[in-house]
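Have a look at run_0.txt below; it lists compact mmCIF, C-alpha atoms.
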```txt
# COMPACT_ATOMS: atom_id res chain seq x y z
CA MET C 139 1.11 -34.40 9.64
CA THR C 140 -2.58 -35.10 10.20
CA VAL C 141 -4.52 -35.55 7.03
CA THR C 142 -7.57 -33.34 7.05
CA PRO C 143 -9.20 -31.71 4.08
CA TYR C 144 -8.10 -28.33 5.37
CA GLU C 145 -4.82 -27.31 6.79
CA SER C 146 -5.44 -24.33 8.91
CA MET C 147 -8.34 -22.58 10.52
CA GLY C 148 -6.33 -19.80 12.10
CA LYS C 149 -6.41 -21.17 15.63
CA SER C 150 -8.55 -18.36 16.81
CA ASP C 151 -7.85 -18.36 20.52
CA SER C 152 -4.11 -18.15 20.12
CA ASP C 153 -2.33 -15.38 21.95
CA PRO C 154 -1.96 -12.49 19.49
CA ASP C 155 1.51 -11.89 20.85
CA GLU C 156 2.49 -15.33 19.62
CA VAL C 157 1.87 -14.09 16.07
CA THR C 158 3.98 -11.01 16.78
CA ARG C 159 6.77 -13.12 18.24
CA LEU C 160 6.78 -15.50 15.27
CA LEU C 161 6.68 -12.62 12.82
CA LEU C 162 9.73 -11.05 14.44
CA LEU C 163 11.56 -14.37 14.22
CA SER C 164 10.51 -14.75 10.58
CA ALA C 165 11.99 -11.33 9.91
CA ARG C 166 15.35 -12.83 10.74
CA GLY C 167 14.96 -15.59 8.19
CA ASP C 168 13.63 -18.29 10.53
CA GLU C 169 11.64 -20.56 8.23
CA ALA C 170 10.49 -22.83 11.05
CA ALA C 171 8.99 -19.82 12.83
CA PHE C 172 7.33 -18.79 9.59
CA ARG C 173 5.75 -22.23 9.25
CA GLU C 174 4.24 -21.86 12.73
CA LEU C 175 3.15 -18.36 11.86
CA TYR C 176 1.48 -19.69 8.74
CA ASP C 177 -0.66 -22.03 10.80
CA LEU C 178 -1.84 -19.17 12.99
CA VAL C 179 -2.71 -16.66 10.26
CA ALA C 180 -3.33 -18.48 6.97
CA GLY C 181 -7.01 -19.00 7.78
CA GLY C 182 -7.44 -15.33 8.56
CA VAL C 183 -5.56 -14.21 5.46
CA TYR C 184 -7.48 -16.55 3.19
CA GLY C 185 -10.77 -15.66 4.86
CA ILE C 186 -10.58 -11.91 4.39
CA VAL C 187 -9.20 -12.25 0.86
CA ARG C 188 -11.98 -14.66 -0.06
CA LYS C 189 -14.58 -12.34 1.42
CA ILE C 190 -13.39 -9.53 -0.83
CA VAL C 191 -12.21 -11.32 -3.97
CA ARG C 192 -14.83 -14.12 -3.80
CA ASP C 193 -13.53 -16.31 -6.61
CA PRO C 194 -11.82 -19.23 -4.82
CA ALA C 195 -8.95 -19.73 -7.27
CA GLN C 196 -8.11 -16.04 -7.37
CA SER C 197 -8.48 -15.80 -3.61
CA GLU C 198 -5.95 -18.55 -3.13
CA GLU C 199 -3.57 -16.83 -5.52
CA VAL C 200 -3.86 -13.53 -3.65
CA ALA C 201 -3.62 -15.22 -0.24
CA GLN C 202 -0.41 -16.94 -1.33
CA GLU C 203 1.02 -13.67 -2.56
CA VAL C 204 0.15 -12.04 0.75
CA LEU C 205 1.81 -14.79 2.78
CA VAL C 206 4.96 -14.65 0.65
CA GLU C 207 4.93 -10.89 1.09
CA VAL C 208 4.64 -11.32 4.86
CA TRP C 209 7.88 -13.27 4.67
CA ARG C 210 9.54 -10.79 2.33
CA LEU C 211 8.52 -7.66 4.25
CA ALA C 212 8.64 -9.09 7.79
CA ALA C 213 11.55 -6.83 8.76
CA ARG C 214 9.39 -3.80 7.98
CA PHE C 215 6.87 -4.78 10.65
CA ASP C 216 7.08 -2.39 13.59
CA PRO C 217 5.71 -3.93 16.81
CA ALA C 218 5.36 -0.44 18.28
CA ARG C 219 2.60 0.30 15.76
CA GLY C 220 0.37 -2.72 16.43
CA THR C 221 0.21 -6.50 16.64
CA GLY C 222 1.56 -8.90 14.08
CA LYS C 223 -1.97 -10.04 13.32
CA THR C 224 -3.14 -6.55 12.53
CA TRP C 225 -0.17 -5.97 10.24
CA ILE C 226 -0.73 -9.23 8.37
CA PHE C 227 -4.50 -8.87 8.01
CA MET C 228 -4.23 -5.28 6.83
CA LEU C 229 -1.67 -6.36 4.24
CA ALA C 230 -4.12 -9.05 3.12
CA HIS C 231 -6.93 -6.51 2.91
CA ARG C 232 -4.83 -4.15 0.85
CA ARG C 233 -3.81 -6.83 -1.64
CA ALA C 234 -7.35 -8.14 -1.98
CA VAL C 235 -8.62 -4.63 -2.68
CA ASP C 236 -5.80 -4.08 -5.18
CA ARG C 237 -6.87 -7.23 -6.97
CA ILE C 238 -10.52 -6.36 -7.36
CA ARG C 239 -9.71 -2.79 -8.35
CA SER C 240 -7.36 -3.86 -11.11
CA GLU C 241 -10.00 -6.30 -12.35
CA GLN C 242 -12.82 -3.87 -12.14
CA SER C 243 -11.00 -0.98 -13.75
CA SER C 244 -11.05 -3.01 -16.95
CA THR C 245 -14.64 -4.18 -16.70
CA ASN C 246 -16.41 -0.90 -16.18
CA ARG C 247 -17.18 -1.09 -12.58
CA ASP C 248 -20.75 -1.05 -11.52
CA ILE C 249 -21.22 1.10 -8.48
CA ALA C 250 -24.85 1.89 -9.04
CA TYR C 251 -25.60 0.64 -5.61
CA GLY C 252 -28.11 3.27 -4.76
CA LEU C 253 -29.72 4.47 -1.60
CA ALA C 254 -32.80 2.41 -2.33
CA ASN C 255 -31.31 -0.85 -1.16
CA HIS C 256 -28.98 0.44 1.42
CA SER C 257 -30.45 -0.59 4.68
CA PRO C 258 -30.23 -4.32 5.19
CA ALA C 259 -28.30 -4.58 1.92
CA HIS C 260 -25.35 -6.39 3.36
CA ASP C 261 -27.07 -9.43 4.57
CA ASP C 262 -24.67 -11.37 2.43
CA VAL C 263 -22.05 -10.14 4.84
CA SER C 264 -23.89 -11.49 7.82
CA ALA C 265 -25.40 -14.50 6.09
CA GLU C 266 -21.99 -15.99 5.60
CA VAL C 267 -21.23 -15.44 9.21
CA GLU C 268 -20.46 -18.65 10.98
CA ILE C 269 -21.63 -18.94 14.53
CA ARG C 270 -18.42 -18.20 16.17
CA PHE C 271 -17.80 -15.96 19.08
CA GLU C 272 -15.54 -13.42 17.42
CA HIS C 273 -17.78 -13.43 14.44
CA ARG C 274 -20.84 -12.77 16.52
CA GLN C 275 -19.02 -9.99 18.32
CA VAL C 276 -18.11 -8.27 15.08
CA LYS C 277 -21.61 -8.74 13.72
CA ARG C 278 -23.09 -7.25 16.86
CA ALA C 279 -20.66 -4.35 16.70
CA LEU C 280 -21.63 -3.67 13.08
CA GLU C 281 -25.27 -3.62 14.14
CA THR C 282 -24.62 -0.75 16.52
CA LEU C 283 -23.72 1.53 13.62
CA THR C 284 -26.23 3.81 11.96
CA PRO C 285 -27.39 2.42 8.59
CA ILE C 286 -25.30 4.94 6.67
CA GLN C 287 -22.20 4.35 8.77
CA ARG C 288 -22.60 0.64 8.37
CA SER C 289 -23.12 0.75 4.63
CA ALA C 290 -20.17 3.08 4.21
CA VAL C 291 -17.82 0.89 6.24
CA GLU C 292 -19.03 -2.31 4.61
CA LEU C 293 -18.76 -0.99 1.06
CA ALA C 294 -15.24 0.18 1.74
CA PHE C 295 -14.01 -2.77 3.79
CA TYR C 296 -15.69 -5.72 2.10
CA LYS C 297 -16.16 -4.41 -1.41
CA GLY C 298 -13.06 -2.29 -1.83
CA TYR C 299 -14.89 0.93 -2.69
CA THR C 300 -12.92 4.15 -2.45
CA HIS C 301 -14.45 6.88 -0.33
CA ALA C 302 -15.45 8.66 -3.54
CA GLU C 303 -17.27 5.54 -4.70
CA VAL C 304 -18.90 5.16 -1.30
CA ALA C 305 -20.17 8.73 -1.61
CA GLN C 306 -21.54 8.04 -5.07
CA ALA C 307 -23.12 4.73 -4.12
CA LEU C 308 -24.84 6.15 -1.06
CA GLN C 309 -25.58 9.46 -2.76
CA ILE C 310 -23.96 11.50 -0.03
CA PRO C 311 -21.38 14.28 -0.37
CA LEU C 312 -17.73 13.28 -0.36
CA GLY C 313 -17.04 15.01 2.94
CA THR C 314 -19.96 13.18 4.53
CA ALA C 315 -18.65 9.85 3.27
CA LYS C 316 -15.28 10.49 4.87
CA THR C 317 -16.93 11.46 8.14
CA ARG C 318 -19.24 8.43 8.13
CA LEU C 319 -16.29 6.11 7.56
CA ARG C 320 -14.44 7.72 10.41
CA ASP C 321 -17.40 7.72 12.82
CA GLY C 322 -18.17 4.17 11.81
CA ILE C 323 -14.74 2.83 12.63
CA ILE C 324 -14.56 4.76 15.89
CA HIS C 325 -17.90 3.25 16.87
CA LEU C 326 -16.66 -0.21 16.00
CA ARG C 327 -13.51 0.38 17.97
CA ASP C 328 -15.54 1.23 21.06
CA ALA C 329 -18.05 -1.56 20.51
CA LEU C 330 -15.23 -4.10 20.20
CA GLY C 331 -13.27 -2.59 23.05
CA VAL C 332 -10.16 -2.17 20.93
CA THR C 333 -7.24 -0.44 22.56
CA SER C 334 -4.03 -0.02 20.74
CA MET J 265 -8.74 13.01 -7.61
CA THR J 266 -6.27 15.48 -8.92
CA ASP J 267 -2.83 16.48 -7.79
CA ASP J 268 -4.27 19.44 -5.93
CA GLN J 269 -2.67 19.52 -2.53
CA LEU J 270 -5.13 18.68 0.20
CA SER J 271 -5.07 20.81 3.31
CA ALA J 272 -3.80 19.31 6.55
CA GLU J 273 -7.37 19.26 7.82
CA GLN J 274 -8.59 17.35 4.79
CA LEU J 275 -5.71 14.95 5.20
CA HIS J 276 -6.68 14.28 8.83
CA LEU J 277 -10.13 13.35 7.63
CA LEU J 278 -8.63 10.80 5.29
CA VAL J 279 -7.31 8.59 8.11
CA ALA J 280 -10.34 6.31 8.08
CA ALA J 281 -10.46 6.03 4.31
CA TYR J 282 -6.73 5.28 4.30
CA ALA J 283 -7.08 2.64 7.03
CA LEU J 284 -9.82 1.01 4.92
CA ASP J 285 -7.69 1.17 1.75
CA ALA J 286 -10.54 3.31 0.41
CA VAL J 287 -8.26 5.86 -1.23
CA ASP J 288 -6.88 6.10 -4.73
CA ASP J 289 -3.16 5.93 -5.31
CA ILE J 290 -2.69 9.69 -5.47
CA GLU J 291 -4.53 10.25 -2.20
CA ARG J 292 -2.55 7.43 -0.64
CA ALA J 293 0.74 9.04 -1.60
CA GLN J 294 -0.44 12.42 -0.29
CA PHE J 295 -1.69 10.96 2.96
CA GLU J 296 1.48 8.97 3.53
CA ARG J 297 3.56 12.11 3.19
CA HIS J 298 1.36 13.75 5.79
CA LEU J 299 1.35 10.67 8.03
CA ALA J 300 5.12 10.62 8.26
CA THR J 301 5.04 13.84 10.29
CA CYS J 302 1.62 13.70 12.01
CA GLU J 303 1.67 11.83 15.30
CA SER J 304 -2.04 12.16 15.97
CA CYS J 305 -2.85 10.59 12.61
CA GLN J 306 -0.40 7.78 13.33
CA ALA J 307 -2.06 7.05 16.66
CA GLU J 308 -5.53 7.19 15.16
CA LEU J 309 -4.48 4.99 12.26
CA ASP J 310 -2.99 2.36 14.57
CA GLU J 311 -6.25 2.13 16.51
CA MET J 312 -8.34 1.96 13.38
CA ARG J 313 -6.18 -0.78 11.95
CA ALA J 314 -6.43 -2.76 15.17
CA THR J 315 -10.23 -2.45 14.85
CA LEU J 316 -10.31 -3.47 11.19
CA GLY J 317 -7.92 -6.33 11.95
CA ARG J 318 -10.67 -7.70 14.20
CA LEU J 319 -13.16 -7.45 11.35
CA ALA J 320 -10.79 -9.30 9.06
CA GLU J 321 -10.12 -12.01 11.59
CA ALA J 322 -13.81 -12.63 12.04
CA ASP J 323 -13.89 -13.90 8.47
CA SER J 324 -11.30 -16.62 9.04
CA GLN J 325 -11.86 -19.65 6.87
CA LYS J 326 -10.11 -22.92 6.33
CA SER J 327 -7.25 -22.29 3.99
CA PRO J 328 -7.04 -24.50 0.90
CA VAL J 329 -5.24 -27.81 0.91
CA GLY J 330 -1.72 -27.59 -0.36
CA MET J 331 -1.40 -23.86 0.11
CA ARG J 332 1.03 -24.26 2.98
CA ASN J 333 3.41 -26.36 0.90
CA ASP J 334 3.22 -23.89 -1.96
CA VAL J 335 3.90 -20.95 0.30
CA MET J 336 6.77 -22.66 2.11
CA ALA J 337 8.32 -23.61 -1.24
CA ARG J 338 8.02 -20.04 -2.44
CA ILE J 339 9.49 -18.42 0.64
CA ALA J 340 12.48 -20.76 0.43
CA ASN J 341 13.28 -18.95 -2.83
CA THR J 342 12.30 -15.45 -1.73
CA ALA J 343 14.83 -12.95 -0.43
CA GLN J 344 13.76 -10.84 2.53
CA LEU J 345 14.02 -7.08 2.52
CA PRO J 346 16.11 -5.36 5.17
CA PRO J 347 14.35 -3.15 7.73
CA HIS J 348 13.79 0.49 6.85
CA THR J 349 16.56 2.59 8.22
CA THR J 350 15.17 6.03 8.81
CA ALA J 351 17.50 8.06 6.69
CA GLN J 352 17.94 11.29 8.56
CA PRO J 353 19.29 13.99 6.27
CA VAL J 354 22.88 14.40 7.27
CA GLU J 355 24.41 17.82 6.99
CA ILE J 356 27.39 17.51 4.72
CA ARG J 357 29.36 20.40 3.34
CA LYS J 358 27.96 21.38 -0.03
CA TYR J 359 31.16 20.97 -2.02
CA ARG J 360 31.87 17.55 -0.75
CA ARG J 361 28.34 16.47 -1.36
CA SER J 362 28.27 17.80 -4.89
CA VAL J 363 31.41 15.85 -5.71
CA ARG J 364 29.72 12.68 -4.49
CA ILE J 365 26.55 13.55 -6.38
CA LEU J 366 28.44 14.17 -9.59
CA GLY J 367 30.01 10.75 -9.24
CA ALA J 368 26.65 9.12 -8.63
CA VAL J 369 24.91 10.91 -11.45
CA ALA J 370 27.73 10.13 -13.85
CA ALA J 371 27.45 6.49 -12.89
CA ALA J 372 23.70 6.62 -13.17
CA LEU J 373 23.67 8.15 -16.58
CA ALA J 374 26.99 6.89 -17.86
CA ILE J 375 27.52 10.24 -19.50
CA GLY J 376 30.27 12.84 -19.57
CA VAL J 377 30.90 15.41 -16.86
CA ALA J 378 29.65 18.26 -19.04
CA GLY J 379 26.15 16.89 -19.06
CA VAL J 380 26.27 16.34 -15.35
CA SER J 381 27.40 19.79 -14.34
CA THR J 382 23.93 21.21 -14.84
CA TYR J 383 22.63 18.87 -12.21
CA ALA J 384 23.55 20.89 -9.14
CA TYR J 385 21.77 23.85 -10.66
CA GLU J 386 18.80 21.83 -11.82
CA GLN J 387 18.50 20.40 -8.38
CA HIS J 388 17.67 23.87 -7.10
CA ARG J 389 15.08 24.39 -9.75
CA THR J 390 13.31 21.11 -9.21
CA ALA J 391 13.47 21.81 -5.50
CA GLN J 392 10.54 24.13 -6.04
CA THR J 393 8.30 21.18 -6.58
CA MET J 394 10.31 18.66 -4.66
CA THR J 395 11.27 20.67 -1.54
CA ALA J 396 12.32 17.98 0.92
CA SER J 397 12.76 15.55 -1.92
CA ALA J 398 15.94 17.12 -3.26
CA GLN J 399 17.79 15.86 -0.25
CA MET J 400 16.27 12.46 -0.74
CA VAL J 401 17.35 12.35 -4.38
CA THR J 402 20.96 12.88 -3.45
CA ASP J 403 20.74 10.45 -0.55
CA VAL J 404 19.38 7.69 -2.77
CA MET J 405 21.98 8.26 -5.44
CA THR J 406 24.80 8.12 -2.92
CA ALA J 407 23.35 5.24 -0.86
CA SER J 408 25.73 2.36 -0.28
CA ASP J 409 23.20 -0.11 -1.70
CA ALA J 410 22.12 2.03 -4.68
CA HIS J 411 20.80 -0.28 -7.39
CA ILE J 412 20.90 1.29 -10.85
CA LYS J 413 19.00 0.25 -13.98
CA PRO J 414 19.04 2.08 -17.31
CA ILE J 415 15.76 3.27 -18.79
CA ASP J 416 15.33 4.74 -22.23
CA LEU J 417 12.66 7.43 -22.52
CA GLY J 418 12.45 7.85 -26.27
CA ASN J 419 15.56 9.85 -27.08
CA SER J 420 16.33 10.59 -23.46
CA PRO J 421 18.71 8.21 -21.75
CA GLY J 422 18.06 7.77 -18.06
CA SER J 423 18.33 5.55 -15.05
CA VAL J 424 16.30 4.40 -12.12
CA VAL J 425 18.28 4.41 -8.88
CA MET J 426 16.84 2.52 -5.97
CA SER J 427 17.97 2.03 -2.39
CA SER J 428 16.21 -0.73 -0.47
CA LYS J 429 17.84 0.39 2.74
CA MET J 430 16.31 3.83 2.39
CA GLY J 431 13.10 2.47 0.93
CA GLN J 432 13.31 5.03 -1.84
CA ALA J 433 13.99 5.36 -5.53
CA VAL J 434 14.71 8.11 -8.04
CA LEU J 435 14.28 8.50 -11.77
CA VAL J 436 17.10 10.41 -13.46
CA ALA J 437 16.94 11.31 -17.15
CA GLN J 438 18.75 13.53 -19.55
CA ASN J 439 17.36 15.99 -22.09
CA VAL J 440 13.72 15.11 -21.64
CA PRO J 441 11.60 17.25 -24.00
CA GLN J 442 9.12 19.74 -22.55
CA LEU J 443 5.43 18.97 -22.99
CA PRO J 444 2.54 21.29 -23.87
CA ALA J 445 0.81 22.80 -20.83
CA ASN J 446 -2.10 20.37 -21.01
CA GLN J 447 0.15 17.34 -20.59
CA THR J 448 2.43 15.97 -17.92
CA TYR J 449 4.92 13.17 -17.52
CA GLU J 450 3.76 10.54 -15.08
CA THR J 451 5.82 7.78 -13.54
CA TRP J 452 4.23 4.40 -12.77
CA MET J 453 5.40 1.84 -10.32
CA ILE J 454 4.79 -1.65 -11.68
CA THR J 455 4.09 -4.19 -8.95
CA PRO J 456 5.16 -7.84 -9.07
CA SER J 457 1.61 -8.73 -10.20
CA GLY J 458 1.85 -6.24 -13.06
CA GLU J 459 -0.38 -3.47 -11.71
CA ALA J 460 0.57 0.13 -12.41
CA HIS J 461 0.48 2.52 -9.44
CA PRO J 462 0.89 6.27 -10.02
CA ALA J 463 4.33 7.19 -8.70
CA GLY J 464 4.42 10.92 -9.39
CA MET J 465 3.95 13.56 -12.06
CA TRP J 466 6.79 15.76 -13.14
CA THR J 467 8.04 18.45 -15.46
CA PRO J 468 11.44 18.02 -17.05
CA SER J 469 14.11 20.55 -16.27
CA SER J 470 14.62 22.98 -19.11
CA SER J 471 18.10 21.72 -19.88
CA GLY J 472 20.34 18.91 -18.79
CA THR J 473 19.33 16.43 -16.17
CA THR J 474 16.00 15.83 -14.51
CA ALA J 475 15.85 13.93 -11.22
CA VAL J 476 12.52 13.00 -9.67
CA PRO J 477 11.70 10.91 -6.61
CA ILE J 478 9.47 7.91 -7.14
CA GLU J 479 6.43 8.06 -4.91
CA GLY J 480 4.93 5.07 -3.17
CA ASP J 481 6.10 1.94 -1.46
CA ILE J 482 9.20 0.79 -3.29
CA ASP J 483 8.92 -2.63 -1.73
CA LEU J 484 6.24 -3.15 -4.35
CA MET J 485 8.37 -1.86 -7.19
CA HIS J 486 9.10 -4.57 -9.64
CA GLY J 487 9.46 -2.18 -12.53
CA LEU J 488 8.84 1.35 -13.64
CA SER J 489 7.20 3.01 -16.63
CA VAL J 490 6.85 6.59 -17.79
CA THR J 491 3.90 7.85 -19.83
CA VAL J 492 2.56 11.18 -21.03
CA GLU J 493 -0.79 11.99 -19.39
CA PRO J 494 -3.26 14.87 -19.44
CA SER J 495 -2.17 17.53 -16.93
CA GLY J 496 -3.41 16.60 -13.48
CA GLY J 497 -2.38 13.02 -14.12
CA SER J 498 -4.32 9.79 -14.46
CA ALA J 499 -5.19 6.97 -12.10
CA GLN J 500 -4.08 4.44 -14.70
CA PRO J 501 -1.83 4.93 -17.73
CA THR J 502 -3.77 6.20 -20.75
CA SER J 503 -0.96 6.09 -23.30
CA PRO J 504 1.74 3.59 -24.23
CA PRO J 505 4.88 4.00 -22.14
CA LEU J 506 7.76 6.14 -23.39
CA GLY J 507 10.00 3.75 -21.59
CA SER J 508 9.90 0.91 -19.07
CA VAL J 509 12.39 -0.96 -16.98
CA THR J 510 12.35 -4.06 -14.80
CA MET J 511 14.33 -3.62 -11.63
CA PHE J 512 15.18 -7.26 -10.93
```
This structure in structure tokens:
Amino acid sequence: MTVTPYESMGKSDSDPDEVTRLLLLSARGDEAAFRELYDLVAGGVYGIVRKIVRDPAQSEEVAQEVLVEVWRLAARFDPARGTGKTWIFMLAHRRAVDRIRSEQSSTNRDIAYGLANHSPAHDDVSAEVEIRFEHRQVKRALETLTPIQRSAVELAFYKGYTHAEVAQALQIPLGTAKTRLRDGIIHLRDALGVTS
Amino acid sequence: MTDDQLSAEQLHLLVAAYALDAVDDIERAQFERHLATCESCQAELDEMRATLGRLAEADSQKSPVGMRNDVMARIANTAQLPPHTTAQPVEIRKYRRSVRILGAVAAALAIGVAGVSTYAYEQHRTAQTMTASAQMVTDVMTASDAHIKPIDLGNSPGSVVMSSKMGQAVLVAQNVPQLPANQTYETWMITPSGEAHPAGMWTPSSSGTTAVPIEGDIDLMHGLSVTVEPSGGSAQPTSPPLGSVTMF
């Protein structure tokens, strides 16, 4: 094994179907396939968890839990509903959000985000962006959203806000928050050319 | 949010929030019930997830040194769950079925037949709130892989019955006292990391045996607790549990 300070970057140009194939093999108890799968997705899992949870030690803990859960639940993955990558990253997102919610519920969560700072407010999101193609694409896609759509999607996706908290933070009615989230994702879908 | 039933239209609007995990546990349970039968929501959800998967991937980072070894060591000691088998309700003659149910309930509660005989009747009563769930309750209790753990709710002996194959679980308890109108029993699913997820509110049957389905993803169920909450339920437990059980 090559000795580098980091093990896996999530070889980004890998065929997404390779992840799906390896996940299906893992579902049958194939540990060698799971090891290969790990190398393809660990960087993505750790990355999104870190983005949401932030604390490195906790992020690693959650990322490990997610990867073990991928192994444990692999047989529940349904390739008819999407790619292996999507399934794994959405599981990672869910667990990261669960983690910050359980933390924040005990620490009196501060959602006084306010309209005042809502327009470029998520520069931290883009500031951390490395200059990578997929990253640039996503950044560009986010820039095509209206400010409210973008804030709504970012608060929910990167900060784990519920739609009720998004509504409160942006001082918009609950129904509007739901609609903005929906419009926002549909816009992103089109901007990224996602087909399912 | 409360336990007020959302209309189908409101549920459709929740797709995006659900895809983003921007729902509370009660909304999630409600939406998932809707999702199971709504093809247009399923299609929309799949597309949204594919989109959000791209967002997640864009944040890829180098994973920490040593994490691979830790994960590989853990999976070597982690059992995998079987795939969900979609348990289609099978039409079985009532008498036959009730004999099987009586057997299962007796096993679950380890009590005499007299206590059990109210069950078939109670099942009809709870069906008002459970509708499709009544079938599920009997299916779980008669599942070939039913896994049963005793739980003690104060003075009310009970059991949790879980079927991994069906992906479902049921709480069965005997002689649970009624609560004042401003309170409700609430079941909590305890995840492996110790978080409590709301898993349903319920009213005990007026006599004999109460059987309630456990809401949520039972793959996450490491244990179960029951508390008394203000009517309408809580997002997190607000009182010490009446009883708890660890499933594994």
Two-atom distance - CA of Leu280 (chain C), CA of Arg318 (chain J) (Å): 11.7 Å
Closest pair table for chain J residues within 8 Å of chain C, only C-alpha atoms, as a tab-separated table:
```
residue	atom	partner	partner_atom	distance
J:Leu277	CA	C:Lys316	CA	6.5
J:Leu278	CA	C:Lys316	CA	6.7
J:Val279	CA	C:Arg320	CA	7.5
J:Ala280	CA	C:Arg320	CA	4.9
J:Ala281	CA	C:His301	CA	6.2
J:Leu284	CA	C:Phe295	CA	5.8
J:Asp285	CA	C:Arg232	CA	6.1
J:Ala286	CA	C:Thr300	CA	3.8
J:Val287	CA	C:Thr300	CA	5.1
J:Asp288	CA	C:Thr300	CA	6.7
J:Asp310	CA	C:Arg219	CA	6.1
J:Glu311	CA	C:Ser334	CA	5.2
J:Met312	CA	C:Ile323	CA	6.5
J:Arg313	CA	C:Thr224	CA	6.5
J:Ala314	CA	C:Thr224	CA	5.7
J:Thr315	CA	C:Arg327	CA	5.3
J:Leu316	CA	C:Met228	CA	7.7
J:Gly317	CA	C:Thr224	CA	4.8
J:Arg318	CA	C:Val276	CA	7.5
J:Leu319	CA	C:Val276	CA	6.3
J:Ala320	CA	C:Ile186	CA	5.4
J:Glu321	CA	C:Gly182	CA	5.2
J:Ala322	CA	C:His273	CA	4.7
J:Asp323	CA	C:Gly185	CA	5.1
J:Ser324	CA	C:Gly182	CA	4.1
J:Gln325	CA	C:Gly185	CA	4.6
J:Lys326	CA	C:Met147	CA	4.6
J:Ser327	CA	C:Gly181	CA	5.0
J:Pro328	CA	C:Tyr144	CA	6.0
J:Val329	CA	C:Tyr144	CA	5.3
J:Gly330	CA	C:Glu145	CA	7.8
J:Met331	CA	C:Gln202	CA	7.1
J:Arg332	CA	C:Tyr176	CA	7.4
J:Asp334	CA	C:Gln202	CA	7.9
J:Val335	CA	C:Gln202	CA	6.1
J:Met336	CA	C:Arg173	CA	7.2
J:Arg338	CA	C:Val206	CA	6.9
J:Ile339	CA	C:Val206	CA	5.9
J:Ala340	CA	C:Glu169	CA	7.8
J:Thr342	CA	C:Arg210	CA	6.8
J:Ala343	CA	C:Arg210	CA	6.3
J:Gln344	CA	C:Arg210	CA	4.2
J:Leu345	CA	C:Leu211	CA	5.8
J:Pro346	CA	C:Ala213	CA	6.0
J:Pro347	CA	C:Ala213	CA	4.7
J:His348	CA	C:Arg214	CA	6.2
J:Glu459	CA	C:Ser240	CA	7.0
J:Asp483	CA	C:Leu211	CA	7.8
```
Any chance you can output those residues with C-alpha atoms as a tab-separated table (two decimals), in the coordinates of the input?
```tsv
chain	number	residue	atom	x	y	z
J	277	LEU	CA	-10.13	13.35	7.63
J	278	LEU	CA	-8.63	10.80	5.29
J	279	VAL	CA	-7.31	8.59	8.11
J	280	ALA	CA	-10.34	6.31	8.08
J	281	ALA	CA	-10.46	6.03	4.31
J	284	LEU	CA	-9.82	1.01	4.92
J	285	ASP	CA	-7.69	1.17	1.75
J	286	ALA	CA	-10.54	3.31	0.41
J	287	VAL	CA	-8.26	5.86	-1.23
J	288	ASP	CA	-6.88	6.10	-4.73
J	310	ASP	CA	-2.99	2.36	14.57
J	311	GLU	CA	-6.25	2.13	16.51
J	312	MET	CA	-8.34	1.96	13.38
J	313	ARG	CA	-6.18	-0.78	11.95
J	314	ALA	CA	-6.43	-2.76	15.17
J	315	THR	CA	-10.23	-2.45	14.85
J	316	LEU	CA	-10.31	-3.47	11.19
J	317	GLY	CA	-7.92	-6.33	11.95
J	318	ARG	CA	-10.67	-7.70	14.20
J	319	LEU	CA	-13.16	-7.45	11.35
J	320	ALA	CA	-10.79	-9.30	9.06
J	321	GLU	CA	-10.12	-12.01	11.59
J	322	ALA	CA	-13.81	-12.63	12.04
J	323	ASP	CA	-13.89	-13.90	8.47
J	324	SER	CA	-11.30	-16.62	9.04
J	325	GLN	CA	-11.86	-19.65	6.87
J	326	LYS	CA	-10.11	-22.92	6.33
J	327	SER	CA	-7.25	-22.29	3.99
J	328	PRO	CA	-7.04	-24.50	0.90
J	329	VAL	CA	-5.24	-27.81	0.91
J	330	GLY	CA	-1.72	-27.59	-0.36
J	331	MET	CA	-1.40	-23.86	0.11
J	332	ARG	CA	1.03	-24.26	2.98
J	334	ASP	CA	3.22	-23.89	-1.96
J	335	VAL	CA	3.90	-20.95	0.30
J	336	MET	CA	6.77	-22.66	2.11
J	338	ARG	CA	8.02	-20.04	-2.44
J	339	ILE	CA	9.49	-18.42	0.64
J	340	ALA	CA	12.48	-20.76	0.43
J	342	THR	CA	12.30	-15.45	-1.73
J	343	ALA	CA	14.83	-12.95	-0.43
J	344	GLN	CA	13.76	-10.84	2.53
J	345	LEU	CA	14.02	-7.08	2.52
J	346	PRO	CA	16.11	-5.36	5.17
J	347	PRO	CA	14.35	-3.15	7.73
J	348	HIS	CA	13.79	0.49	6.85
J	459	GLU	CA	-0.38	-3.47	-11.71
J	483	ASP	CA	8.92	-2.63	-1.73
```
From J:Val404, J:Met465, J:Leu488, J:Ile478, residue lying nearest Gln447 (chain J) [all atoms listed in the file]: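 The answer is J:Met465, which sits nearest to Gln447 (chain J).
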Two-atom distance - CA of Asn333 (chain J), CA of Asp168 (chain C) (Å):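 A separation of 16.2 Å between them.
Our summary of the geometry notes that CA of Thr448 (chain J) is positioned 14.1 Å from CA of Leu417 (chain J).
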Of the candidates J:Val425, J:Ala293, J:Cys305, J:Met485, which shows the shortest atom-to-atom distance to Ala272 (chain J), using only C-alpha atoms?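 Nearest candidate to Ala272 (chain J) out of J:Val425, J:Ala293, J:Cys305, J:Met485: J:Cys305.
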Pro477 (chain J): which residues within 7 Å, counting all atoms listed in the file, same-chain residues fewer than 4 positions away excluded, as a list in words? Ser397, Val401, Ala433, Val434 and Leu435 of chain J
Of the candidates J:Met426, J:Ile454, J:Ala300, J:Leu484, which one gets nearest to Gln500 (chain J) if we count only C-alpha atoms?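 So, comparing all the options, the nearest one is J:Ile454.
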